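Some notes on the structure that comes next.
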Amino acid sequence: MKLLLIIILFIQSLILAGQNTTLCLTYAPTDRGTGFRYDKQITDIGIYGSASRGSYRFNDGQRINNHIKLSSGVVKYFQNKSKNTCNLFSLGLSYHSYGKIKDESIPIPDHVFFPVSLDVGVGFIINHFNIGWCYDPIKKEVIVNSGFYFY
């Protein structure tokens, strides 16, 4: 309960810190990870940061627990002729931390466990609603995000 209260207070402070921010919930189907993403638009360029946590589960019962992913990078905004819509493109770096592996005999290539990877994303803002996705070309992971854009 304390953690939930701290998260809510942190999110409210980010919103009050300025306008042109986006708060999103994220979901990664590969590890069933959930998390948050925060975007701050400065001009037509902005910055973002995200954090998520999940666990890989394989068909034969093997698991990799506590996969934590932290990402940050830059966002380029493309305003459409209609003032209520905007396209965006993001590029950043991700840091991965892996917890306990339940079965050591999991046949996974070494590049999957490398802690740093690339994060490429696209998105769309319509009125105040934001939806987008990020792709990691090294680990072949996708993260879907949706949230609210504060003018």
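Starting from 1 in every chain, residues are counted up; chains themselves are A, B, ... following the order of the structure tokens, and ligands are numbered from 1 as listed.
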For this session: From the DSSP assignment of the backbone, select every residue of range 42-145 of chain A that is strand (DSSP E), and format the answer as a PyMOL selection string.
Result: chain A and resi 45-57+63-79+85-97+116-126+129-136+141-145
Quick one: write out the picked residues with C-alpha atoms as an mmCIF file, in the first residue's frame?
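In the end it all went to again-v1.cif:
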data_model
loop_
_atom_site.group_PDB
_atom_site.id
_atom_site.type_symbol
_atom_site.label_atom_id
_atom_site.label_comp_id
_atom_site.auth_asym_id
_atom_site.auth_seq_id
_atom_site.Cartn_x
_atom_site.Cartn_y
_atom_site.Cartn_z
ATOM 1 C CA ILE A 45 11.751 17.326 -29.484
ATOM 2 C CA GLY A 46 11.355 15.776 -26.054
ATOM 3 C CA ILE A 47 12.690 13.129 -23.717
ATOM 4 C CA TYR A 48 11.214 9.951 -22.259
ATOM 5 C CA GLY A 49 11.855 7.444 -19.532
ATOM 6 C CA SER A 50 10.184 4.139 -18.792
ATOM 7 C CA ALA A 51 10.387 1.269 -16.346
ATOM 8 C CA SER A 52 8.773 -2.160 -16.475
ATOM 9 C CA ARG A 53 8.950 -5.483 -14.691
ATOM 10 C CA GLY A 54 7.959 -8.964 -15.827
ATOM 11 C CA SER A 55 8.914 -12.645 -15.854
ATOM 12 C CA TYR A 56 9.525 -14.924 -18.820
ATOM 13 C CA ARG A 57 7.578 -18.193 -18.753
ATOM 14 C CA ARG A 63 11.119 -19.375 -16.053
ATOM 15 C CA ILE A 64 13.299 -16.290 -15.786
ATOM 16 C CA ASN A 65 11.953 -14.233 -12.913
ATOM 17 C CA ASN A 66 12.139 -10.490 -12.316
ATOM 18 C CA HIS A 67 13.122 -9.043 -15.678
ATOM 19 C CA ILE A 68 13.458 -5.295 -15.074
ATOM 20 C CA LYS A 69 13.775 -2.941 -18.027
ATOM 21 C CA LEU A 70 14.701 0.755 -17.729
ATOM 22 C CA SER A 71 14.678 2.899 -20.881
ATOM 23 C CA SER A 72 15.387 6.517 -21.716
ATOM 24 C CA GLY A 73 15.850 8.489 -24.896
ATOM 25 C CA VAL A 74 14.635 11.276 -27.154
ATOM 26 C CA VAL A 75 11.276 11.810 -28.850
ATOM 27 C CA LYS A 76 10.613 13.723 -32.091
ATOM 28 C CA TYR A 77 7.089 15.138 -32.468
ATOM 29 C CA PHE A 78 5.493 15.755 -35.868
ATOM 30 C CA GLN A 79 2.457 18.032 -35.567
ATOM 31 C CA THR A 85 -3.240 15.040 -33.715
ATOM 32 C CA CYS A 86 0.485 14.434 -33.546
ATOM 33 C CA ASN A 87 2.828 11.621 -34.639
ATOM 34 C CA LEU A 88 5.958 10.811 -32.668
ATOM 35 C CA PHE A 89 9.142 8.829 -33.116
ATOM 36 C CA SER A 90 11.418 7.779 -30.226
ATOM 37 C CA LEU A 91 14.929 6.409 -30.013
ATOM 38 C CA GLY A 92 16.701 5.386 -26.831
ATOM 39 C CA LEU A 93 18.722 2.895 -24.844
ATOM 40 C CA SER A 94 17.445 0.220 -22.483
ATOM 41 C CA TYR A 95 19.040 -1.406 -19.473
ATOM 42 C CA HIS A 96 17.914 -4.948 -18.589
ATOM 43 C CA SER A 97 18.323 -6.728 -15.283
ATOM 44 C CA VAL A 116 22.081 -2.883 -22.817
ATOM 45 C CA SER A 117 19.938 -2.723 -25.932
ATOM 46 C CA LEU A 118 18.246 -0.326 -28.344
ATOM 47 C CA ASP A 119 14.705 1.015 -28.075
ATOM 48 C CA VAL A 120 12.925 2.289 -31.227
ATOM 49 C CA GLY A 121 9.347 3.490 -31.051
ATOM 50 C CA VAL A 122 6.474 5.197 -32.807
ATOM 51 C CA GLY A 123 3.274 6.661 -31.488
ATOM 52 C CA PHE A 124 0.233 8.759 -32.172
ATOM 53 C CA ILE A 125 -1.510 11.421 -30.080
ATOM 54 C CA ILE A 126 -5.146 12.216 -30.820
ATOM 55 C CA PHE A 129 -5.009 10.092 -25.894
ATOM 56 C CA ASN A 130 -1.590 8.589 -26.689
ATOM 57 C CA ILE A 131 -0.934 5.120 -28.084
ATOM 58 C CA GLY A 132 2.315 3.678 -29.373
ATOM 59 C CA TRP A 133 4.794 0.852 -29.291
ATOM 60 C CA CYS A 134 8.545 0.366 -28.852
ATOM 61 C CA TYR A 135 10.631 -2.359 -30.457
ATOM 62 C CA ASP A 136 13.957 -3.750 -29.313
ATOM 63 C CA GLU A 141 10.768 -7.521 -27.823
ATOM 64 C CA VAL A 142 7.790 -5.208 -28.261
ATOM 65 C CA ILE A 143 6.275 -2.917 -25.646
ATOM 66 C CA VAL A 144 2.827 -1.406 -26.164
ATOM 67 C CA ASN A 145 2.016 1.816 -24.344
#
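Every protein, DNA or RNA residue with an atom at most 6 Å from Asn20 in chain A, where only C-alpha atoms count and chain neighbours fewer than 5 positions away do not, is listed here: Gln41, Phe150 and Tyr151 of chain A.
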Create the file for the chosen residues now, containing C-alpha atoms and written as a PDB file, in the first residue's frame.
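The result, written out as out_4.pdb:
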ATOM      1  CA  GLN A  41       7.802  17.505 -24.803  1.00  0.00           C
ATOM      2  CA  PHE A 150      -1.443  16.740 -20.794  1.00  0.00           C
ATOM      3  CA  TYR A 151      -1.396  20.002 -22.825  1.00  0.00           C
TER       4      TYR A 151
END
For this session: Have a look at CA of Ile138 in chain A and CA of Tyr27 in chain A and let me know their distance in Å, one decimal.
Result: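 A separation of 18.3 Å between them.
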Exercise. Chain A: which residues are alpha helix (DSSP H) by DSSP, as a count of residues only?
Worked result: 15
Exercise. Please, what distance in Å, to one decimal, runs between CA of Ala28 in chain A and CA of Lys140 in chain A?
Worked result: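 Separation of CA of Ala28 in chain A and CA of Lys140 in chain A: 11.2 Å.
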Problem set entry | Spatial neighbours of Thr22 in chain A, max dist 8 Å, only C-alpha atoms, sep filter under 6 positions, as a PyMOL selection string | chain A and resi 37-40+130+147-150
Exercise. In terms of the shortest atom-to-atom distance over only C-alpha atoms, which of A:Asn127, A:Tyr98, A:Val112, A:Gly35 is closest to Asn80 in chain A?
Worked result: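 Closest to Asn80 in chain A, using only C-alpha atoms: A:Asn127.
CA of Cys24 in chain A to CA of Pro115 in chain A spans 23.8 Å [interatomic distance, one decimal].
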